[in-house]
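Reproduced below: coords.tsv, with TSV, C-alpha atoms and all ligand atoms.
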```tsv
chain	number	residue	atom	x	y	z
G	1	MET	CA	0.00	0.00	0.00
G	2	TRP	CA	1.27	3.45	-0.86
G	3	TRP	CA	0.73	4.81	2.66
G	4	SER	CA	2.65	1.94	4.24
G	5	CYS	CA	5.59	2.63	1.94
G	6	CYS	CA	5.32	6.33	2.67
G	7	ALA	CA	5.28	5.70	6.43
G	8	GLN	CA	8.41	3.53	6.13
G	9	VAL	CA	10.23	6.25	4.21
G	10	LEU	CA	9.20	8.86	6.76
G	11	CYS	CA	10.30	6.56	9.58
G	12	TYR	CA	13.62	5.94	7.84
G	13	LEU	CA	14.17	9.68	7.32
G	14	HIS	CA	13.26	10.34	10.95
G	15	ILE	CA	15.76	7.75	12.21
G	16	GLN	CA	18.50	9.11	9.96
G	17	TYR	CA	17.73	12.60	11.21
G	18	VAL	CA	17.95	11.57	14.86
G	19	LEU	CA	21.12	9.53	14.30
G	20	SER	CA	22.75	12.47	12.59
G	21	LEU	CA	22.30	14.61	15.70
G	22	ASP	CA	25.27	14.71	17.98
G	23	ALA	CA	24.72	12.70	21.17
G	24	CYS	CA	25.24	15.88	23.15
G	25	ILE	CA	22.35	17.60	21.35
G	26	ILE	CA	20.11	14.58	21.85
G	27	LYS	CA	20.88	14.73	25.56
G	28	LEU	CA	19.94	18.43	25.60
G	29	ILE	CA	16.69	17.78	23.80
G	30	LEU	CA	15.76	15.04	26.27
G	31	THR	CA	16.82	17.08	29.29
G	32	TYR	CA	15.17	20.34	28.31
G	33	LEU	CA	12.13	18.92	26.56
G	34	ASN	CA	9.80	20.53	29.07
G	35	THR	CA	11.20	24.01	28.81
G	36	ILE	CA	12.27	24.49	25.23
G	37	THR	CA	11.10	23.13	21.94
G	38	ILE	CA	13.11	20.75	19.85
G	39	THR	CA	12.84	23.34	17.08
G	40	TYR	CA	14.86	25.76	19.17
G	41	VAL	CA	17.78	23.39	19.57
G	42	THR	CA	17.72	22.10	16.02
G	43	ASN	CA	17.42	25.62	14.60
G	44	GLN	CA	20.40	26.68	16.61
G	45	TYR	CA	22.41	23.68	15.53
G	46	GLY	CA	20.78	22.70	12.26
G	47	ASN	CA	23.85	23.63	10.27
G	48	LYS	CA	26.37	22.20	12.66
G	49	ARG	CA	24.90	18.74	13.02
G	50	ILE	CA	26.15	17.80	9.56
G	51	ASN	CA	29.75	18.06	10.68
G	52	ASN	CA	29.94	15.66	13.57
G	53	GLY	CA	33.05	16.01	15.62
G	54	ALA	CA	34.79	18.27	18.09
G	55	ASN	CA	33.22	21.41	16.67
G	56	THR	CA	29.66	20.17	17.18
G	57	LYS	CA	30.52	18.87	20.61
G	58	ARG	CA	32.00	22.18	21.68
G	59	SER	CA	29.06	24.18	20.29
G	60	CYS	CA	26.65	21.88	22.05
G	61	MET	CA	28.46	22.20	25.37
G	62	ASN	CA	28.32	25.99	25.04
G	63	LEU	CA	24.59	25.76	24.41
G	64	GLU	CA	24.21	23.48	27.43
G	65	MET	CA	25.93	26.08	29.62
G	66	LYS	CA	23.59	28.78	28.33
G	67	LEU	CA	20.54	26.59	28.91
G	68	LYS	CA	21.66	25.75	32.44
G	69	LYS	CA	21.84	29.45	33.25
G	70	THR	CA	18.34	30.05	31.92
G	71	TYR	CA	16.24	26.96	32.50
G	72	CYS	CA	15.56	24.54	35.33
G	73	PRO	CA	15.01	21.29	33.44
G	74	ASN	CA	13.51	19.29	36.30
G	75	VAL	CA	11.11	21.93	37.63
G	76	ASN	CA	7.73	22.77	36.15
G	77	ILE	CA	7.77	26.58	36.29
G	78	VAL	CA	4.87	28.79	35.26
G	79	HIS	CA	6.48	32.08	34.34
G	80	ARG	CA	4.92	35.45	35.13
G	81	SER	CA	3.70	36.02	31.59
G	82	ALA	CA	1.96	32.62	31.62
G	83	TRP	CA	-0.08	33.32	34.75
G	84	GLY	CA	-0.82	36.91	33.78
G	85	ALA	CA	1.21	38.73	36.42
G	86	ALA	CA	0.72	42.46	36.75
G	87	ALA	CA	3.86	44.53	36.17
G	88	PRO	CA	5.86	44.99	39.38
G	89	THR	CA	5.60	48.41	41.01
G	90	SER	CA	9.36	48.48	41.59
G	91	VAL	CA	12.24	46.15	40.75
G	92	SER	CA	15.51	45.76	42.67
G	93	ALA	CA	18.18	43.30	41.64
G	94	LEU	CA	19.25	40.72	44.22
G	95	HIS	CA	22.94	40.61	45.07
G	96	LEU	CA	23.80	37.12	43.86
G	97	PRO	CA	24.36	34.48	45.00
G	98	VAL	CA	21.93	34.71	47.91
G	99	SER	CA	22.78	32.76	51.03
G	100	LEU	CA	19.37	32.62	52.71
G	101	VAL	CA	16.29	30.64	51.68
G	102	PHE	CA	12.98	31.11	53.52
G	103	ILE	CA	10.02	28.76	53.52
G	104	GLN	CA	6.54	30.21	53.95
G	105	HIS	CA	2.90	29.35	53.40
G	106	THR	CA	0.19	31.62	52.07
G	107	GLU	CA	-2.43	30.54	54.64
G	108	THR	CA	-5.01	30.54	51.87
G	109	PRO	CA	-6.93	27.51	50.62
G	110	ALA	CA	-4.75	25.27	48.43
G	111	CYS	CA	-5.42	25.10	44.69
G	112	HIS	CA	-5.54	21.98	42.56
G	113	ASP	CA	-5.69	22.79	38.85
G	114	PRO	CA	-4.07	25.34	36.51
G	115	THR	CA	-7.16	27.55	36.27
G	116	SER	CA	-7.75	27.88	40.00
G	117	CYS	CA	-4.02	28.12	40.74
G	118	LYS	CA	-3.53	30.98	38.26
G	119	ALA	CA	-6.49	32.75	39.81
G	120	ARG	CA	-5.08	32.15	43.31
G	121	VAL	CA	-1.63	33.44	42.37
G	122	LYS	CA	-3.13	36.56	40.75
G	123	ASN	CA	-5.24	37.06	43.85
G	124	ILE	CA	-2.16	36.79	46.07
G	125	GLN	CA	-0.33	39.32	43.92
G	126	GLN	CA	-3.32	41.68	43.97
G	127	TYR	CA	-4.18	41.57	47.66
G	128	HIS	CA	-1.04	40.39	49.39
G	129	MET	CA	1.79	42.21	47.63
G	130	SER	CA	3.67	42.29	50.94
G	131	THR	CA	3.81	38.49	51.11
G	132	ASN	CA	4.71	37.95	47.50
G	133	GLY	CA	7.58	35.45	47.56
G	134	ASN	CA	10.12	34.76	44.87
G	135	PHE	CA	8.20	31.59	44.04
G	136	LEU	CA	4.75	30.25	44.85
G	137	VAL	CA	4.47	26.49	45.16
G	138	VAL	CA	1.43	24.37	44.34
G	139	GLU	CA	0.74	20.96	45.90
G	140	ASP	CA	1.26	19.09	42.61
G	141	GLY	CA	4.81	20.48	42.40
G	142	THR	CA	4.15	23.28	39.93
G	143	ILE	CA	6.07	26.43	40.79
G	144	TYR	CA	4.67	29.86	39.90
G	145	GLU	CA	7.29	32.52	39.32
G	146	GLY	CA	6.91	35.51	41.63
G	147	ARG	CA	9.99	37.72	41.80
G	148	GLY	CA	12.15	34.84	40.57
G	149	LEU	CA	15.83	34.24	41.36
G	150	ASP	CA	17.12	37.65	40.28
G	151	ARG	CA	14.89	40.20	41.96
G	152	VAL	CA	14.32	41.28	45.54
G	153	GLY	CA	10.98	39.97	46.82
G	154	ALA	CA	8.72	41.29	49.58
G	155	HIS	CA	8.34	38.32	51.89
G	156	THR	CA	10.53	38.32	55.01
G	157	MET	CA	10.88	41.64	56.79
G	158	GLY	CA	14.52	42.58	57.21
G	159	TYR	CA	15.83	39.83	54.92
G	160	ASN	CA	14.30	40.45	51.51
G	161	SER	CA	17.52	41.65	49.95
G	162	ARG	CA	19.56	38.77	51.38
G	163	GLY	CA	17.48	35.80	50.40
G	164	ILE	CA	14.70	34.23	48.41
G	165	ALA	CA	11.40	32.81	49.65
G	166	PHE	CA	9.24	29.92	48.57
G	167	SER	CA	5.60	30.34	49.54
G	168	PHE	CA	3.59	27.12	49.58
G	169	ILE	CA	0.02	27.87	48.49
G	170	GLY	CA	-2.19	26.53	51.26
G	171	SER	CA	-2.18	26.24	55.02
G	172	TYR	CA	0.29	23.76	56.52
G	173	SER	CA	-0.23	23.90	60.26
G	174	ASN	CA	-1.72	20.43	60.57
G	175	SER	CA	-0.38	18.58	57.55
G	176	LYS	CA	2.75	19.17	55.56
G	177	SER	CA	2.75	19.89	51.86
G	178	PRO	CA	2.65	16.83	49.54
G	179	ALA	CA	5.97	15.28	48.50
G	180	ALA	CA	5.74	16.64	44.93
G	181	ALA	CA	5.78	20.23	46.17
G	182	LEU	CA	8.61	19.58	48.64
G	183	THR	CA	10.69	17.94	45.89
G	184	ALA	CA	9.97	20.81	43.50
G	185	VAL	CA	11.35	23.33	45.99
G	186	LYS	CA	14.47	21.22	46.57
G	187	ASN	CA	15.01	20.95	42.80
G	188	MET	CA	14.45	24.68	42.32
G	189	ILE	CA	17.01	25.52	45.00
G	190	GLN	CA	19.47	23.10	43.37
G	191	CYS	CA	18.84	24.76	40.01
G	192	GLY	CA	19.54	28.14	41.63
G	193	ILE	CA	22.88	26.76	42.82
G	194	THR	CA	23.67	25.46	39.31
G	195	GLN	CA	22.89	28.89	37.90
G	196	GLY	CA	25.14	30.59	40.46
G	197	LYS	CA	22.21	32.46	42.01
G	198	VAL	CA	22.03	30.56	45.30
G	199	ASP	CA	25.11	29.96	47.43
G	200	SER	CA	25.83	26.22	47.65
G	201	ALA	CA	26.30	26.69	51.41
G	202	TYR	CA	22.93	28.48	51.81
G	203	HIS	CA	21.02	28.47	55.09
G	204	LEU	CA	17.37	27.46	55.14
G	205	TYR	CA	14.80	28.96	57.53
G	206	GLY	CA	11.12	29.03	58.20
G	207	HIS	CA	9.53	32.49	58.18
G	208	ARG	CA	8.90	32.15	61.95
G	209	ASP	CA	12.63	31.85	62.59
G	210	VAL	CA	13.15	35.54	61.80
G	211	ASN	CA	9.76	37.30	62.05
G	212	PRO	CA	6.97	37.07	64.67
G	213	THR	CA	4.64	34.73	62.78
G	214	SER	CA	3.51	31.09	62.91
G	215	CYS	CA	4.36	30.79	59.17
G	216	PRO	CA	4.96	28.31	57.51
G	217	GLY	CA	2.66	26.32	59.83
G	218	ASP	CA	3.78	23.70	62.37
G	219	ALA	CA	3.67	20.71	60.04
G	220	LEU	CA	5.63	22.31	57.20
G	221	TYR	CA	8.03	23.89	59.69
G	222	HIS	CA	8.82	20.49	61.23
G	223	GLU	CA	9.36	19.07	57.75
G	224	ILE	CA	11.92	21.68	56.66
G	225	GLN	CA	13.81	21.26	59.92
G	226	THR	CA	14.82	17.83	58.61
G	227	TRP	CA	16.35	19.31	55.44
G	228	PRO	CA	20.16	19.35	55.41
G	229	HIS	CA	20.50	23.12	54.98
G	230	TYR	CA	18.07	24.02	57.77
G	231	SER	CA	19.92	26.27	60.19
G	232	HIS	CA	19.30	26.61	63.92
G	233	THR	CA	21.54	29.67	63.95
G	234	LYS	CA	19.81	32.96	63.22
G	235	PRO	CA	21.03	34.73	60.07
G	301	ZN	ZN	5.35	33.82	55.99
```
When written as C-alpha cells, how does the structure in this file appear?
Amino acid sequence: MWWSCCAQVLCYLHIQYVLSLDACIIKLILTYLNTITITYVTNQYGNKRINNGANTKRSCMNLEMKLKKTYCPNVNIVHRSAWGAAAPTSVSALHLPVSLVFIQHTETPACHDPTSCKARVKNIQQYHMSTNGNFLVVEDGTIYEGRGLDRVGAHTMGYNSRGIAFSFIGSYSNSKSPAAALTAVKNMIQCGITQGKVDSAYHLYGHRDVNPTSCPGDALYHEIQTWPHYSHTKP
C-alpha cells in the first residue's frame, strides 16, 4: 500500500535525522524537553549537526551552559507572563548568589488545577503584595514565578535583599505539603545553585525563625527542619 511505503520512508528519514544529531544535542533535547522546543535546539544547531566532531561537541556544550543558566530542566515553572502577572511596582536586583532561603505558606486555601491556581496566584499578587515570595508552590509540584531568582521579593521583613522565599500555596499547620511540592522546591534551590544564584552553602529557615509569625505552619516547619540546609543559627 502506498501509505505503508510512505510511512516507512518517513520513519527511515526520521531515524537518519535523529542519528545524525550529535549525542550531546540529543541529551539536551531530552533534558530540556519541558522548557524548550526541539525546534529551538535544532534551529540553533541545524547547520552544525552535519559536521559531527569536536566542533559540534564544543558548540553543544556551550549551548548546554547557556541553557543551564536560563532553565531549570527538572522543575515545572509557570512564568509570570503565563499566569498573567501584573507589572511589578518596583524592581531591585538581588545581590547574587543569595545565602538565605525562607520557607513560607500563604495561609489561603490550596489550589488543585491550573485555572484555580492561576487565579489564586493573581489574587495573592493583587491583595497580598507584601507576602509575594520569589516563588509560589502548588501541591502538585508546579512552581509559579513571583519575583524569581534575580529580583528582591517582599516576603521576610529585614531579609528580603539577602534571600529568596518559597511560599507554599495553602495552610500547613496540621499537615505538611505533599511530597511533589517539597521535591519541587528542593530541585528549584538546586537549580539556583547550578545557575550561580544561590550559594551552595545556603542556610534554610522558616519564616517564623526571623519574624513574629507562625508561618509556615507547624507541620511544614517540622518538615523543613529535617532538610540538610536548615539552620538553627539565626542569620
Ligand atoms: Zn510567611
Open item on the list: Would you compute the distance between CA of Ile25 (chain G) and CA of Cys60 (chain G)? Give it in Å to one decimal.
Closed with: 6.1 Å
Per residue of chain G within 7 Å of ligand ZN 301 (chain G), record the nearest atom pair and its distance in Å to one decimal, counting all atoms listed in the file, with rows in chain order and ascending residue number, as CSV.
```
residue,atom,partner,partner_atom,distance
G:Gln104,CA,G:ZN301,ZN,4.3
G:His105,CA,G:ZN301,ZN,5.7
G:Thr106,CA,G:ZN301,ZN,6.8
G:Thr131,CA,G:ZN301,ZN,6.9
G:His155,CA,G:ZN301,ZN,6.8
G:Thr156,CA,G:ZN301,ZN,6.9
G:His207,CA,G:ZN301,ZN,4.9
G:Thr213,CA,G:ZN301,ZN,6.9
G:Cys215,CA,G:ZN301,ZN,4.5
G:Pro216,CA,G:ZN301,ZN,5.7
```
Region 173-177 of chain G: axis-aligned bounding box, 5 Å on each side, centre and edge lengths in Å, one decimal, as AutoDock Vina command-line options:
```
--center_x 0.5 --center_y 21.2 --center_z 56.2 --size_x 14.5 --size_y 15.3 --size_z 18.7
```
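Contact shell of Thr233 (chain G) at 12 Å (only C-alpha atoms; same-chain neighbours under 4 positions omitted): Leu100, His203, Leu204, Tyr205, Gly206, Asp209, Val210 and His229 of chain G.
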Writing out the chosen residues with C-alpha atoms as a PDB file, keeping the file's coordinate frame:
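Once written, selection27.pdb looks like this:
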```
ATOM      1  CA  LEU G 100      19.370  32.620  52.710  1.00  0.00           C
ATOM      2  CA  HIS G 203      21.020  28.470  55.090  1.00  0.00           C
ATOM      3  CA  LEU G 204      17.370  27.460  55.140  1.00  0.00           C
ATOM      4  CA  TYR G 205      14.800  28.960  57.530  1.00  0.00           C
ATOM      5  CA  GLY G 206      11.120  29.030  58.200  1.00  0.00           C
ATOM      6  CA  ASP G 209      12.630  31.850  62.590  1.00  0.00           C
ATOM      7  CA  VAL G 210      13.150  35.540  61.800  1.00  0.00           C
ATOM      8  CA  HIS G 229      20.500  23.120  54.980  1.00  0.00           C
TER       9      HIS G 229
END
```
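The neighbours of region 136-149 of chain G here are the residues that come within 7 Å of it, using all atoms listed in the file and leaving out any residue fewer than 3 positions away in the same chain; they are G:Asn76, G:Ile77, G:Val78, G:His79, G:Arg80, G:Cys111, G:Asn132, G:Gly133, G:Val152, G:Gly153, G:Phe166, G:Ser167, G:Phe168, G:Ile169, G:Ser177, G:Pro178, G:Ala180, G:Ala181, G:Ala184, G:Lys197.
Among G:Pro88, G:Gly170, G:Gly163, G:Pro235, the residue with the shortest atom-to-atom distance to His112 (chain G), counting all atoms listed in the file, is G:Gly170.
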Open item on the list: So the first atom is CA of Leu220 (chain G) and the second is CA of Cys191 (chain G); what is the distance between them in Å, to one decimal place?
Closed with: 21.8 Å
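Going from CA of Arg58 (chain G) to CA of Leu30 (chain G) covers 18.3 Å.
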Task: Polymer residues at most 12 Å from His222 (chain G), only C-alpha atoms, same-chain spacing of 2 or more positions, as a PyMOL selection string - done: chain G and resi 103+172-177+205-206+208+214-220+224-227+230
Can you write out the residues you just picked, keeping C-alpha atoms, as an mmCIF file, keeping the file's coordinate frame?
```cif
data_model
loop_
_atom_site.group_PDB
_atom_site.id
_atom_site.type_symbol
_atom_site.label_atom_id
_atom_site.label_comp_id
_atom_site.auth_asym_id
_atom_site.auth_seq_id
_atom_site.Cartn_x
_atom_site.Cartn_y
_atom_site.Cartn_z
ATOM 1 C CA ILE G 103 10.020 28.760 53.520
ATOM 2 C CA TYR G 172 0.290 23.760 56.520
ATOM 3 C CA SER G 173 -0.230 23.900 60.260
ATOM 4 C CA ASN G 174 -1.720 20.430 60.570
ATOM 5 C CA SER G 175 -0.380 18.580 57.550
ATOM 6 C CA LYS G 176 2.750 19.170 55.560
ATOM 7 C CA SER G 177 2.750 19.890 51.860
ATOM 8 C CA TYR G 205 14.800 28.960 57.530
ATOM 9 C CA GLY G 206 11.120 29.030 58.200
ATOM 10 C CA ARG G 208 8.900 32.150 61.950
ATOM 11 C CA SER G 214 3.510 31.090 62.910
ATOM 12 C CA CYS G 215 4.360 30.790 59.170
ATOM 13 C CA PRO G 216 4.960 28.310 57.510
ATOM 14 C CA GLY G 217 2.660 26.320 59.830
ATOM 15 C CA ASP G 218 3.780 23.700 62.370
ATOM 16 C CA ALA G 219 3.670 20.710 60.040
ATOM 17 C CA LEU G 220 5.630 22.310 57.200
ATOM 18 C CA ILE G 224 11.920 21.680 56.660
ATOM 19 C CA GLN G 225 13.810 21.260 59.920
ATOM 20 C CA THR G 226 14.820 17.830 58.610
ATOM 21 C CA TRP G 227 16.350 19.310 55.440
ATOM 22 C CA TYR G 230 18.070 24.020 57.770
#
```
Open item on the list: Let me make sure I understand: among G:Asn62, G:Leu182, G:Pro109, G:Met157, which one has the smallest atom-to-atom distance to Pro212 (chain G) if we use only C-alpha atoms?
Closed with: G:Met157
